[in-house]
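Visitor: For reference, this is data.tsv, and it has TSV, C-alpha atoms.
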chain	number	residue	atom	x	y	z
M	366	MET	CA	93.91	110.96	91.86
M	367	GLY	CA	90.66	109.11	92.45
M	368	TYR	CA	90.47	105.37	91.79
M	369	GLU	CA	87.60	102.91	92.01
M	370	HIS	CA	89.43	99.78	93.15
M	371	ILE	CA	92.44	101.02	95.11
M	372	LEU	CA	93.08	103.65	97.77
M	373	THR	CA	96.28	105.68	97.87
M	374	GLU	CA	97.95	107.57	100.69
M	375	ARG	CA	101.22	109.47	100.88
M	376	PHE	CA	103.41	109.91	103.93
M	377	ASP	CA	106.88	111.33	104.46
M	378	GLY	CA	108.93	109.54	101.83
M	379	THR	CA	106.51	106.62	101.48
M	380	ALA	CA	103.22	105.63	99.86
M	381	LEU	CA	100.50	103.17	100.85
M	382	ILE	CA	98.29	101.42	98.28
M	383	THR	CA	95.21	99.56	99.55
M	384	LEU	CA	93.56	96.92	97.36
M	385	ASN	CA	90.02	98.09	97.94
M	386	ARG	CA	87.43	95.45	97.05
M	387	PRO	CA	86.71	94.04	100.52
M	388	ASP	CA	83.29	92.69	99.48
M	389	LYS	CA	85.13	90.52	96.91
M	390	LEU	CA	88.07	89.73	99.23
M	391	ASN	CA	90.10	92.24	97.19
M	392	ALA	CA	90.07	89.95	94.14
M	393	LEU	CA	92.46	91.11	91.42
M	394	SER	CA	89.98	92.23	88.80
M	395	PHE	CA	91.12	93.72	85.51
M	396	GLY	CA	90.11	97.17	86.77
M	397	LEU	CA	92.08	96.79	89.99
M	398	MET	CA	95.20	95.61	88.15
M	399	GLN	CA	94.92	98.52	85.72
M	400	GLU	CA	94.72	100.99	88.58
M	401	LEU	CA	97.60	99.35	90.45
M	402	HIS	CA	99.74	99.44	87.31
M	403	GLU	CA	98.88	103.11	86.75
M	404	GLU	CA	99.59	104.15	90.34
M	405	LEU	CA	102.92	102.31	90.43
M	406	THR	CA	103.89	104.08	87.21
M	407	ARG	CA	103.08	107.42	88.85
M	408	LEU	CA	105.07	106.52	91.96
M	409	GLU	CA	108.11	105.52	89.93
M	410	GLY	CA	108.25	109.09	88.67
M	411	ASP	CA	107.68	110.69	92.07
M	412	THR	CA	111.08	111.43	93.60
M	413	ALA	CA	109.47	112.20	96.97
M	414	VAL	CA	108.39	108.56	97.36
M	415	LYS	CA	111.20	106.18	98.28
M	416	ALA	CA	109.26	103.02	99.28
M	417	VAL	CA	105.73	101.67	98.79
M	418	VAL	CA	103.48	99.46	100.94
M	419	LEU	CA	100.66	97.27	99.57
M	420	ILE	CA	97.84	96.09	101.85
M	421	GLY	CA	94.31	94.71	101.43
M	422	ALA	CA	91.15	96.39	102.68
M	423	GLY	CA	89.24	94.74	105.51
M	424	ASP	CA	90.36	92.09	107.97
M	425	LYS	CA	89.98	88.89	105.93
M	426	ALA	CA	92.12	89.10	102.84
M	427	PHE	CA	95.15	90.68	101.28
M	428	SER	CA	93.57	89.31	98.11
M	429	ALA	CA	91.73	86.17	97.08
M	430	GLY	CA	93.56	86.21	93.73
M	431	ALA	CA	92.14	86.58	90.25
M	432	ASP	CA	88.48	87.52	89.89
M	433	ILE	CA	87.18	84.18	88.59
M	434	HIS	CA	83.62	85.43	88.08
M	435	GLU	CA	84.89	88.24	85.86
M	436	MET	CA	87.11	85.86	83.88
M	437	ALA	CA	84.34	83.31	83.37
M	438	GLY	CA	82.18	85.88	81.61
M	439	LEU	CA	84.77	86.81	78.98
M	440	SER	CA	85.21	85.52	75.45
M	441	GLU	CA	88.45	83.70	74.65
M	442	GLY	CA	89.72	86.76	72.77
M	443	ALA	CA	88.95	89.17	75.59
M	444	LEU	CA	90.40	86.78	78.14
M	445	GLY	CA	93.62	86.53	76.13
M	446	GLU	CA	93.94	90.31	75.89
M	447	ARG	CA	93.40	90.76	79.60
M	448	GLN	CA	95.82	87.99	80.44
M	449	ALA	CA	98.46	89.66	78.29
M	450	PHE	CA	97.94	92.88	80.25
M	451	ARG	CA	98.00	91.00	83.55
M	452	ASN	CA	101.35	89.48	82.58
M	453	ARG	CA	102.77	92.94	81.85
M	454	ALA	CA	101.39	94.30	85.13
M	455	THR	CA	102.87	91.39	87.10
M	456	TRP	CA	106.28	91.98	85.55
M	457	HIS	CA	105.96	95.69	86.34
M	458	ILE	CA	105.35	94.86	90.00
M	459	ALA	CA	108.28	92.42	90.06
M	460	THR	CA	110.65	94.96	88.47
M	461	PHE	CA	109.31	98.12	90.15
M	462	ALA	CA	112.35	100.30	90.73
M	463	LYS	CA	111.65	101.16	94.37
M	464	PRO	CA	111.20	98.81	97.34
M	465	LEU	CA	107.72	97.27	97.55
M	466	ILE	CA	106.55	95.93	100.92
M	467	GLY	CA	103.53	93.68	101.26
M	468	ALA	CA	101.46	93.96	104.44
M	469	ILE	CA	99.78	90.58	104.01
M	470	ASN	CA	96.78	91.17	106.26
M	471	GLY	CA	94.84	87.99	105.48
M	472	LEU	CA	94.61	85.28	102.86
M	473	ALA	CA	96.69	85.55	99.70
M	474	TYR	CA	95.51	82.92	97.27
M	475	GLY	CA	96.36	82.07	93.65
M	476	GLY	CA	97.30	85.19	91.74
M	477	ALA	CA	97.67	87.09	95.01
M	478	ALA	CA	100.18	84.53	96.28
M	479	LEU	CA	102.09	85.11	93.04
M	480	LEU	CA	101.85	88.89	93.48
M	481	SER	CA	103.11	88.55	97.06
M	482	SER	CA	106.08	86.48	95.92
M	483	THR	CA	107.21	89.27	93.56
M	484	LEU	CA	107.40	91.91	96.31
M	485	ASP	CA	110.67	92.86	97.97
M	486	LEU	CA	109.50	92.26	101.53
M	487	ARG	CA	106.42	90.69	103.13
M	488	ILE	CA	105.14	91.26	106.66
M	489	GLY	CA	102.35	89.03	107.95
M	490	CYS	CA	100.07	88.59	110.94
M	491	GLU	CA	98.09	85.79	112.57
M	492	ARG	CA	95.50	86.03	109.75
M	493	THR	CA	98.03	85.58	106.94
M	494	LYS	CA	97.59	82.48	104.80
M	495	PHE	CA	99.07	81.68	101.39
M	496	ARG	CA	97.95	79.16	98.78
M	497	PHE	CA	99.69	78.74	95.42
M	498	LEU	CA	96.69	77.31	93.64
M	499	ALA	CA	97.53	77.37	89.92
M	500	ALA	CA	97.93	73.61	89.47
M	501	SER	CA	94.52	72.98	91.06
M	502	TYR	CA	92.74	74.87	88.29
M	503	GLY	CA	94.88	73.81	85.36
M	504	ARG	CA	97.32	76.72	85.23
M	505	VAL	CA	100.89	77.55	86.15
M	506	ASN	CA	102.52	80.50	87.90
M	507	SER	CA	105.16	81.44	90.50
M	508	THR	CA	107.80	79.00	89.19
M	509	TRP	CA	110.11	81.97	88.55
M	510	SER	CA	109.46	83.87	91.78
M	511	LEU	CA	108.76	81.46	94.64
M	512	PRO	CA	112.01	79.41	94.54
M	513	LEU	CA	114.00	82.61	95.10
M	514	LEU	CA	112.24	83.01	98.44
M	515	VAL	CA	111.85	79.50	99.83
M	516	GLY	CA	114.28	77.37	97.82
M	517	LEU	CA	113.53	74.81	95.12
M	518	PRO	CA	112.40	71.83	97.25
M	519	LYS	CA	109.89	73.87	99.27
M	520	ALA	CA	108.68	75.70	96.16
M	521	LYS	CA	107.99	72.35	94.51
M	522	GLU	CA	105.98	71.25	97.54
M	523	LEU	CA	103.86	74.40	97.65
M	524	LEU	CA	103.28	74.57	93.89
M	525	TYR	CA	102.54	70.85	93.49
M	526	THR	CA	100.11	70.62	96.42
M	527	GLY	CA	98.49	74.06	96.56
M	528	ARG	CA	98.18	73.60	100.32
M	529	ASP	CA	97.70	76.23	103.00
M	530	VAL	CA	100.81	78.00	104.29
M	531	MET	CA	100.05	79.69	107.59
M	532	ALA	CA	101.93	82.69	108.96
M	533	ASP	CA	104.29	80.83	111.28
M	534	GLU	CA	105.44	78.43	108.56
M	535	ALA	CA	105.63	81.25	106.01
M	536	GLU	CA	108.03	83.14	108.26
M	537	ARG	CA	110.07	80.01	108.95
M	538	ILE	CA	110.61	79.21	105.25
M	539	GLY	CA	111.27	82.79	104.14
M	540	LEU	CA	107.92	83.59	102.53
M	541	LEU	CA	107.40	86.25	105.22
M	542	ASN	CA	110.14	88.48	106.59
M	543	GLN	CA	108.36	88.80	109.92
M	544	VAL	CA	105.02	88.25	111.65
M	545	VAL	CA	103.42	90.86	113.91
M	546	PRO	CA	99.97	91.17	115.53
M	547	ALA	CA	97.28	92.19	113.05
M	548	THR	CA	96.69	95.37	115.03
M	549	ARG	CA	100.27	96.46	114.30
M	550	LEU	CA	100.66	95.19	110.73
M	551	ARG	CA	99.95	98.43	108.88
M	552	GLU	CA	102.08	100.43	111.30
M	553	THR	CA	104.99	97.99	111.11
M	554	ALA	CA	104.98	97.95	107.30
M	555	LEU	CA	104.96	101.75	107.17
M	556	GLU	CA	107.75	101.92	109.76
M	557	MET	CA	109.86	99.62	107.60
M	558	ALA	CA	109.10	101.72	104.52
M	559	SER	CA	110.05	104.85	106.46
M	560	ALA	CA	113.34	103.29	107.56
M	561	ILE	CA	114.14	102.52	103.92
M	562	ALA	CA	113.11	106.03	102.83
M	563	LYS	CA	115.66	107.59	105.20
M	564	ASN	CA	118.52	105.99	103.28
M	565	ASP	CA	120.15	107.12	100.04
M	566	ALA	CA	117.39	106.43	97.48
M	567	ARG	CA	119.88	106.09	94.62
M	568	MET	CA	121.76	103.40	96.50
M	569	VAL	CA	118.61	101.54	97.59
M	570	THR	CA	117.26	101.36	94.04
M	571	GLY	CA	120.73	100.47	92.80
M	572	ILE	CA	121.01	97.63	95.28
M	573	LYS	CA	117.61	96.34	94.17
M	574	ARG	CA	118.65	96.52	90.53
M	575	LEU	CA	121.88	94.62	91.19
M	576	LEU	CA	120.14	91.95	93.27
M	577	HIS	CA	117.47	91.37	90.63
M	578	GLU	CA	119.60	91.59	87.50
M	579	ASP	CA	122.25	89.27	88.91
M	580	ILE	CA	119.89	86.43	89.82
M	581	GLY	CA	121.39	83.17	88.57
M	582	MET	CA	124.79	84.62	87.74
M	583	PRO	CA	128.00	83.03	89.02
M	584	TRP	CA	129.27	84.49	92.29
M	585	ARG	CA	132.34	86.09	90.64
M	586	ASP	CA	130.19	87.77	88.00
M	587	ARG	CA	128.01	89.26	90.72
M	588	TYR	CA	131.12	90.60	92.46
M	589	ASP	CA	132.40	92.09	89.20
M	590	ASN	CA	129.03	93.65	88.43
M	591	GLU	CA	128.99	95.39	91.82
M	592	GLU	CA	132.51	96.69	91.26
M	593	THR	CA	131.51	97.97	87.81
M	594	ALA	CA	128.43	99.65	89.24
M	595	ARG	CA	130.50	101.37	91.93
M	596	ALA	CA	132.83	102.72	89.26
M	597	THR	CA	130.12	103.85	86.83
M	598	TRP	CA	126.40	104.22	87.42
M	599	LEU	CA	126.39	103.76	91.22
M	600	THR	CA	129.32	105.92	92.28
M	601	SER	CA	129.59	106.71	95.97
M	602	SER	CA	129.28	110.12	97.55
M	603	SER	CA	132.34	111.60	99.22
M	604	ILE	CA	133.32	110.32	102.66
M	605	ARG	CA	132.46	113.68	104.21
M	606	GLU	CA	129.03	113.72	102.56
M	607	GLY	CA	128.22	110.08	103.22
M	608	PHE	CA	129.25	110.20	106.88
M	609	LYS	CA	128.34	113.81	107.60
M	610	ASP	CA	126.06	112.99	110.57
M	611	PHE	CA	128.78	110.85	112.18
M	612	LEU	CA	131.47	113.47	111.53
M	613	THR	CA	129.25	116.28	112.81
M	614	ARG	CA	128.65	114.39	116.07
M	615	LYS	CA	132.36	113.69	116.47
M	616	GLU	CA	133.32	117.29	115.79
M	617	ALA	CA	130.68	118.53	118.24
M	618	SER	CA	131.84	116.18	120.98
M	619	GLY	CA	135.54	116.74	120.32
Re-express the file's structure as C-alpha coordinates.
Guide:
Amino acid sequence: MGYEHILTERFDGTALITLNRPDKLNALSFGLMQELHEELTRLEGDTAVKAVVLIGAGDKAFSAGADIHEMAGLSEGALGERQAFRNRATWHIATFAKPLIGAINGLAYGGAALLSSTLDLRIGCERTKFRFLAASYGRVNSTWSLPLLVGLPKAKELLYTGRDVMADEAERIGLLNQVVPATRLRETALEMASAIAKNDARMVTGIKRLLHEDIGMPWRDRYDNEETARATWLTSSSIREGFKDFLTRKEASG
(Lines of atoms letter the chains of each structure in order from A and count residues from 1; the text may use other names and numbers.)
(Lines give C-alpha, C1' and ligand atoms only; values in the text may rest on other atoms or scores of the structure.)
Protein backbone atom coordinates (compact mmCIF):
# COMPACT_ATOMS: atom_id res chain seq x y z
CA MET A 1 0.00 0.00 0.00
CA GLY A 2 1.29 3.45 -0.87
CA TYR A 3 1.72 6.06 1.86
CA GLU A 4 2.80 9.68 1.74
CA HIS A 5 4.65 9.98 5.05
CA ILE A 6 5.99 6.50 5.78
CA LEU A 7 7.76 3.78 3.82
CA THR A 8 7.08 0.09 4.41
CA GLU A 9 9.14 -2.98 3.64
CA ARG A 10 8.58 -6.65 4.36
CA PHE A 11 11.24 -9.27 4.95
CA ASP A 12 11.13 -12.88 6.10
CA GLY A 13 8.97 -12.71 9.21
CA THR A 14 9.62 -9.01 9.83
CA ALA A 15 8.56 -5.55 8.67
CA LEU A 16 10.37 -2.21 8.52
CA ILE A 17 8.54 1.12 8.79
CA THR A 18 10.47 4.30 7.91
CA LEU A 19 9.22 7.67 9.14
CA ASN A 20 9.68 9.48 5.85
CA ARG A 21 9.74 13.26 6.24
CA PRO A 22 13.50 13.87 6.21
CA ASP A 23 13.10 17.51 5.14
CA LYS A 24 11.13 18.07 8.38
CA LEU A 25 13.38 15.81 10.49
CA ASN A 26 10.59 13.21 10.33
CA ALA A 27 8.32 15.35 12.51
CA LEU A 28 5.23 13.47 13.70
CA SER A 29 2.57 15.25 11.70
CA PHE A 30 -1.07 14.23 11.91
CA GLY A 31 -0.76 12.56 8.51
CA LEU A 32 2.30 10.57 9.52
CA MET A 33 0.66 9.39 12.75
CA GLN A 34 -2.46 8.36 10.85
CA GLU A 35 -0.41 6.31 8.42
CA LEU A 36 1.66 4.74 11.19
CA HIS A 37 -1.50 3.80 13.07
CA GLU A 38 -3.01 2.31 9.91
CA GLU A 39 0.09 0.30 9.00
CA LEU A 40 0.48 -1.09 12.51
CA THR A 41 -3.17 -2.16 12.41
CA ARG A 42 -2.48 -4.00 9.15
CA LEU A 43 0.62 -5.65 10.58
CA GLU A 44 -1.23 -6.85 13.66
CA GLY A 45 -3.46 -8.87 11.35
CA ASP A 46 -0.61 -10.22 9.22
CA THR A 47 0.43 -13.59 10.64
CA ALA A 48 3.55 -13.63 8.45
CA VAL A 49 5.01 -10.66 10.34
CA LYS A 50 6.37 -11.52 13.78
CA ALA A 51 8.35 -8.33 14.65
CA VAL A 52 8.48 -4.74 13.40
CA VAL A 53 11.31 -2.18 13.19
CA LEU A 54 10.79 1.61 13.17
CA ILE A 55 13.48 3.93 11.79
CA GLY A 56 13.70 7.53 10.56
CA ALA A 57 14.62 8.58 7.03
CA GLY A 58 17.92 10.38 6.51
CA ASP A 59 20.95 10.61 8.77
CA LYS A 60 19.92 13.34 11.21
CA ALA A 61 16.76 12.32 13.00
CA PHE A 62 14.63 9.43 14.10
CA SER A 63 12.08 12.19 14.61
CA ALA A 64 12.09 15.76 15.88
CA GLY A 65 8.76 15.13 17.62
CA ALA A 66 5.40 16.78 17.02
CA ASP A 67 5.03 19.03 13.98
CA ILE A 68 4.80 22.37 15.80
CA HIS A 69 4.20 24.39 12.63
CA GLU A 70 1.20 22.21 11.78
CA MET A 71 -0.17 22.47 15.33
CA ALA A 72 0.24 26.25 15.47
CA GLY A 73 -2.04 26.69 12.46
CA LEU A 74 -4.98 24.78 13.93
CA SER A 75 -8.03 26.06 15.77
CA GLU A 76 -8.49 24.94 19.37
CA GLY A 77 -11.23 22.54 18.28
CA ALA A 78 -9.15 20.97 15.52
CA LEU A 79 -6.13 20.77 17.80
CA GLY A 80 -8.20 18.97 20.43
CA GLU A 81 -9.51 16.44 17.91
CA ARG A 82 -6.05 15.71 16.59
CA GLN A 83 -4.62 15.41 20.07
CA ALA A 84 -7.32 12.89 20.95
CA PHE A 85 -6.31 10.84 17.91
CA ARG A 86 -2.62 11.19 18.76
CA ASN A 87 -3.35 9.84 22.25
CA ARG A 88 -5.10 6.80 20.77
CA ALA A 89 -2.26 6.25 18.30
CA THR A 90 0.35 6.47 21.07
CA TRP A 91 -1.52 3.91 23.15
CA HIS A 92 -1.78 1.67 20.08
CA ILE A 93 2.00 1.80 19.66
CA ALA A 94 2.55 1.09 23.36
CA THR A 95 0.17 -1.89 23.33
CA PHE A 96 0.97 -3.23 19.84
CA ALA A 97 0.72 -6.99 20.14
CA LYS A 98 4.01 -7.84 18.43
CA PRO A 99 7.54 -6.74 19.35
CA LEU A 100 8.39 -3.23 18.16
CA ILE A 101 12.07 -2.30 17.79
CA GLY A 102 13.23 1.29 17.40
CA ALA A 103 16.33 1.94 15.29
CA ILE A 104 16.97 5.38 16.74
CA ASN A 105 19.16 6.75 13.95
CA GLY A 106 19.42 10.36 15.15
CA LEU A 107 17.69 12.81 17.43
CA ALA A 108 14.46 11.81 19.14
CA TYR A 109 12.94 14.89 20.72
CA GLY A 110 9.66 15.61 22.52
CA GLY A 111 6.90 13.42 21.17
CA ALA A 112 9.46 11.21 19.46
CA ALA A 113 11.24 10.61 22.77
CA LEU A 114 7.85 9.57 24.15
CA LEU A 115 7.23 7.31 21.15
CA SER A 116 10.67 5.75 21.61
CA SER A 117 9.97 5.06 25.28
CA THR A 118 6.86 3.03 24.37
CA LEU A 119 8.74 0.62 22.09
CA ASP A 120 9.85 -2.80 23.26
CA LEU A 121 13.51 -2.38 22.33
CA ARG A 122 15.68 0.53 21.18
CA ILE A 123 18.98 0.33 19.32
CA GLY A 124 21.02 3.51 18.90
CA CYS A 125 24.15 4.79 17.21
CA GLU A 126 26.62 7.63 17.68
CA ARG A 127 24.02 10.08 16.29
CA THR A 128 21.30 9.11 18.76
CA LYS A 129 20.14 11.86 21.12
CA PHE A 130 17.00 12.03 23.26
CA ARG A 131 15.28 15.03 24.82
CA PHE A 132 12.08 14.76 26.85
CA LEU A 133 10.96 18.31 26.23
CA ALA A 134 7.33 18.50 27.37
CA ALA A 135 7.93 20.63 30.47
CA SER A 136 9.85 23.21 28.43
CA TYR A 137 6.78 24.02 26.34
CA GLY A 138 4.13 23.75 29.02
CA ARG A 139 3.04 20.15 28.51
CA VAL A 140 3.45 16.74 30.09
CA ASN A 141 4.20 13.29 28.69
CA SER A 142 6.25 10.12 29.30
CA THR A 143 5.51 9.95 33.05
CA TRP A 144 3.92 6.52 32.50
CA SER A 145 6.52 5.09 30.13
CA LEU A 146 9.98 6.45 30.94
CA PRO A 147 10.25 5.30 34.60
CA LEU A 148 9.77 1.70 33.46
CA LEU A 149 12.96 2.00 31.44
CA VAL A 150 15.30 4.14 33.52
CA GLY A 151 13.82 4.10 37.03
CA LEU A 152 12.00 6.86 38.88
CA PRO A 153 14.95 9.07 39.96
CA LYS A 154 16.47 9.22 36.47
CA ALA A 155 13.06 9.71 34.86
CA LYS A 156 12.46 12.69 37.14
CA GLU A 157 15.80 14.18 36.12
CA LEU A 158 15.16 13.80 32.38
CA LEU A 159 11.55 15.00 32.53
CA TYR A 160 12.25 17.95 34.84
CA THR A 161 15.28 19.24 32.91
CA GLY A 162 14.56 18.29 29.29
CA ARG A 163 18.31 17.94 28.79
CA ASP A 164 20.17 16.05 26.08
CA VAL A 165 20.70 12.32 26.60
CA MET A 166 23.44 11.09 24.31
CA ALA A 167 23.79 7.51 23.10
CA ASP A 168 26.38 6.34 25.62
CA GLU A 169 24.37 7.59 28.60
CA ALA A 170 21.13 6.30 27.10
CA GLU A 171 22.61 2.81 26.90
CA ARG A 172 24.01 3.05 30.42
CA ILE A 173 20.65 3.99 31.99
CA GLY A 174 18.54 1.54 29.99
CA LEU A 175 16.99 3.93 27.47
CA LEU A 176 18.86 2.06 24.72
CA ASN A 177 19.37 -1.69 24.65
CA GLN A 178 22.58 -1.33 22.68
CA VAL A 179 24.61 1.12 20.59
CA VAL A 180 26.14 0.18 17.23
CA PRO A 181 27.83 2.21 14.47
CA ALA A 182 25.34 4.17 12.37
CA THR A 183 26.38 2.19 9.31
CA ARG A 184 25.14 -1.00 11.00
CA LEU A 185 22.06 0.31 12.79
CA ARG A 186 19.42 -0.73 10.26
CA GLU A 187 21.05 -4.12 9.77
CA THR A 188 21.36 -4.75 13.51
CA ALA A 189 17.72 -3.84 14.18
CA LEU A 190 16.54 -6.14 11.40
CA GLU A 191 18.79 -8.94 12.67
CA MET A 192 17.23 -8.61 16.12
CA ALA A 193 13.74 -8.62 14.60
CA SER A 194 14.65 -11.72 12.60
CA ALA A 195 15.94 -13.48 15.72
CA ILE A 196 12.62 -12.76 17.43
CA ALA A 197 10.66 -13.91 14.36
CA LYS A 198 12.32 -17.34 14.49
CA ASN A 199 10.75 -18.06 17.87
CA ASP A 200 7.23 -19.22 18.66
CA ALA A 201 5.15 -16.14 17.80
CA ARG A 202 2.34 -17.13 20.17
CA MET A 203 4.77 -17.31 23.07
CA VAL A 204 6.55 -14.05 22.17
CA THR A 205 3.28 -12.11 22.02
CA GLY A 206 2.12 -13.87 25.17
CA ILE A 207 5.27 -12.90 27.01
CA LYS A 208 4.79 -9.29 25.91
CA ARG A 209 1.19 -9.34 27.09
CA LEU A 210 2.14 -10.74 30.50
CA LEU A 211 5.00 -8.27 30.96
CA HIS A 212 2.80 -5.30 30.08
CA GLU A 213 -0.40 -6.30 31.85
CA ASP A 214 1.44 -7.19 35.06
CA ILE A 215 3.26 -3.86 35.43
CA GLY A 216 2.88 -2.69 39.03
CA MET A 217 1.46 -5.94 40.34
CA PRO A 218 2.92 -7.68 43.39
CA TRP A 219 5.57 -10.29 42.60
CA ARG A 220 3.34 -13.20 43.72
CA ASP A 221 0.47 -12.01 41.53
CA ARG A 222 2.80 -11.93 38.54
CA TYR A 223 3.90 -15.49 39.30
CA ASP A 224 0.28 -16.62 39.61
CA ASN A 225 -0.68 -14.88 36.37
CA GLU A 226 2.08 -16.71 34.50
CA GLU A 227 0.95 -20.03 35.95
CA THR A 228 -2.65 -19.27 34.94
CA ALA A 229 -1.55 -18.32 31.44
CA ARG A 230 0.40 -21.57 31.08
CA ALA A 231 -2.68 -23.53 32.08
CA THR A 232 -5.15 -21.63 29.88
CA TRP A 233 -4.45 -19.21 27.06
CA LEU A 234 -0.68 -19.79 26.74
CA THR A 235 -0.46 -23.57 26.90
CA SER A 236 2.84 -25.12 25.87
CA SER A 237 3.42 -27.36 22.89
CA SER A 238 4.40 -30.96 23.53
CA ILE A 239 7.99 -31.70 24.53
CA ARG A 240 8.59 -33.49 21.23
CA GLU A 241 7.22 -30.56 19.23
CA GLY A 242 8.93 -27.85 21.26
CA PHE A 243 12.33 -29.54 21.21
CA LYS A 244 12.06 -31.26 17.84
CA ASP A 245 15.28 -29.73 16.45
CA PHE A 246 17.25 -30.82 19.52
CA LEU A 247 15.72 -34.32 19.48
CA THR A 248 16.30 -34.68 15.75
CA ARG A 249 20.00 -33.82 16.17
CA LYS A 250 20.33 -36.26 19.06
CA GLU A 251 18.61 -39.05 17.16
CA ALA A 252 20.78 -38.40 14.10
CA SER A 253 23.98 -38.45 16.12
CA GLY A 254 22.96 -41.43 18.25
Visitor: Box in all listed atoms of stretch 456-468 of chain M, axis-aligned, with 3 Å more on each side; write out centre and edge lengths in Å to one decimal as AutoDock Vina command-line options.
Guide:
--center_x 106.9 --center_y 96.6 --center_z 95.0 --size_x 16.9 --size_y 15.2 --size_z 24.9
Visitor: Given the choices M:Gly423, M:Pro518, M:Gly475, M:Gly430, which gets closest to M:Asn385 if the distance is worked out from all atoms listed in the file?
Guide: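 Counting all atoms listed in the file, the residue closest to M:Asn385 is M:Gly423.
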Visitor: Find, counting only C-alpha atoms, the residue in M:Ile433, M:Ile466, M:Ala499, M:Ala547 that gets nearest to M:Lys415.
Guide: M:Ile466
Visitor: Taking all atoms listed in the file into account, name the residue in M:Ser428, M:Thr460, M:Ser618, M:Ser394 that is nearest to M:Leu575.
Guide: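 The shortest atom-to-atom distance to M:Leu575 comes from M:Thr460.
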Visitor: Calculated over all atoms listed in the file, which of the candidates M:Leu576, M:Leu384, M:Ala462, M:Leu514 has the smallest distance to M:Thr406?
Guide: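 Of all the options, M:Ala462 lies closest to M:Thr406.
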Visitor: Write out as a PyMOL selection string each polymer residue whose atoms come within 8 Å of M:Pro464, counting only C-alpha atoms; drop sequence neighbours fewer than 2 positions from it.
Guide: chain M and resi 415-417+461-462+466+484-486+569-570+573
Visitor: Now that the selection is made, can you save its residues with C-alpha atoms as an mmCIF file, in the frame of the given file?
Guide:
data_model
loop_
_atom_site.group_PDB
_atom_site.id
_atom_site.type_symbol
_atom_site.label_atom_id
_atom_site.label_comp_id
_atom_site.auth_asym_id
_atom_site.auth_seq_id
_atom_site.Cartn_x
_atom_site.Cartn_y
_atom_site.Cartn_z
ATOM 1 C CA LYS M 415 111.200 106.180 98.280
ATOM 2 C CA ALA M 416 109.260 103.020 99.280
ATOM 3 C CA VAL M 417 105.730 101.670 98.790
ATOM 4 C CA PHE M 461 109.310 98.120 90.150
ATOM 5 C CA ALA M 462 112.350 100.300 90.730
ATOM 6 C CA ILE M 466 106.550 95.930 100.920
ATOM 7 C CA LEU M 484 107.400 91.910 96.310
ATOM 8 C CA ASP M 485 110.670 92.860 97.970
ATOM 9 C CA LEU M 486 109.500 92.260 101.530
ATOM 10 C CA VAL M 569 118.610 101.540 97.590
ATOM 11 C CA THR M 570 117.260 101.360 94.040
ATOM 12 C CA LYS M 573 117.610 96.340 94.170
#
Visitor: Out of M:Phe427, M:Asp432, M:Leu372, M:Ala380, which residue has the shortest atom-to-atom distance to M:Leu401 when counting all atoms listed in the file?
Guide: M:Leu372
Visitor: So that I can see what lies close to M:Phe395, please list as number ranges by chain the residues with an atom at most 12 Å from it, counting only C-alpha atoms and leaving out residues fewer than 2 positions away in the same chain.
Guide: M: 369-370, 391-393, 397-402, 430-436, 439, 443-444, 446-452, 454
Visitor: Could you dump the residues just selected with C-alpha atoms as an mmCIF file, in the frame of the given file?
Guide:
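Result file is part.cif:
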data_model
loop_
_atom_site.group_PDB
_atom_site.id
_atom_site.type_symbol
_atom_site.label_atom_id
_atom_site.label_comp_id
_atom_site.auth_asym_id
_atom_site.auth_seq_id
_atom_site.Cartn_x
_atom_site.Cartn_y
_atom_site.Cartn_z
ATOM 1 C CA GLU M 369 87.600 102.910 92.010
ATOM 2 C CA HIS M 370 89.430 99.780 93.150
ATOM 3 C CA ASN M 391 90.100 92.240 97.190
ATOM 4 C CA ALA M 392 90.070 89.950 94.140
ATOM 5 C CA LEU M 393 92.460 91.110 91.420
ATOM 6 C CA LEU M 397 92.080 96.790 89.990
ATOM 7 C CA MET M 398 95.200 95.610 88.150
ATOM 8 C CA GLN M 399 94.920 98.520 85.720
ATOM 9 C CA GLU M 400 94.720 100.990 88.580
ATOM 10 C CA LEU M 401 97.600 99.350 90.450
ATOM 11 C CA HIS M 402 99.740 99.440 87.310
ATOM 12 C CA GLY M 430 93.560 86.210 93.730
ATOM 13 C CA ALA M 431 92.140 86.580 90.250
ATOM 14 C CA ASP M 432 88.480 87.520 89.890
ATOM 15 C CA ILE M 433 87.180 84.180 88.590
ATOM 16 C CA HIS M 434 83.620 85.430 88.080
ATOM 17 C CA GLU M 435 84.890 88.240 85.860
ATOM 18 C CA MET M 436 87.110 85.860 83.880
ATOM 19 C CA LEU M 439 84.770 86.810 78.980
ATOM 20 C CA ALA M 443 88.950 89.170 75.590
ATOM 21 C CA LEU M 444 90.400 86.780 78.140
ATOM 22 C CA GLU M 446 93.940 90.310 75.890
ATOM 23 C CA ARG M 447 93.400 90.760 79.600
ATOM 24 C CA GLN M 448 95.820 87.990 80.440
ATOM 25 C CA ALA M 449 98.460 89.660 78.290
ATOM 26 C CA PHE M 450 97.940 92.880 80.250
ATOM 27 C CA ARG M 451 98.000 91.000 83.550
ATOM 28 C CA ASN M 452 101.350 89.480 82.580
ATOM 29 C CA ALA M 454 101.390 94.300 85.130
#
Visitor: Which neighbours of M:Cys490 fall inside 8 Å, counting only C-alpha atoms, when residues of the same chain fewer than 4 positions from it are skipped, and could you give them as a PyMOL selection string?
Guide: chain M and resi 469-471+532+544-547+550
Visitor: I need the chosen residues saved as a tab-separated table (two decimals), in the coordinates of the input, with C-alpha atoms.
Guide:
chain	number	residue	atom	x	y	z
M	469	ILE	CA	99.78	90.58	104.01
M	470	ASN	CA	96.78	91.17	106.26
M	471	GLY	CA	94.84	87.99	105.48
M	532	ALA	CA	101.93	82.69	108.96
M	544	VAL	CA	105.02	88.25	111.65
M	545	VAL	CA	103.42	90.86	113.91
M	546	PRO	CA	99.97	91.17	115.53
M	547	ALA	CA	97.28	92.19	113.05
M	550	LEU	CA	100.66	95.19	110.73
Visitor: Find the residue from M:Arg375, M:Arg487, M:Arg551, M:Lys519 that sits nearest to M:Ile538; use only C-alpha atoms when measuring.
Guide: M:Lys519
Visitor: Rounded to one decimal place, report the atom CA of M:Ala437-atom CA of M:Val505 distance in Å.
Guide: 17.7 Å
Visitor: Would you work out the distance separating atom CA of M:Ala459 from atom CA of M:Arg567, expressed in Å to one decimal?
Guide: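 Distance between the two atoms: 18.5 Å.
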Visitor: Atom CA of M:Gly489 and atom CA of M:Ala560, how far apart in Å?
Guide: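 Calculated distance between atom CA of M:Ala560 and atom CA of M:Gly489 is 18.0 Å.
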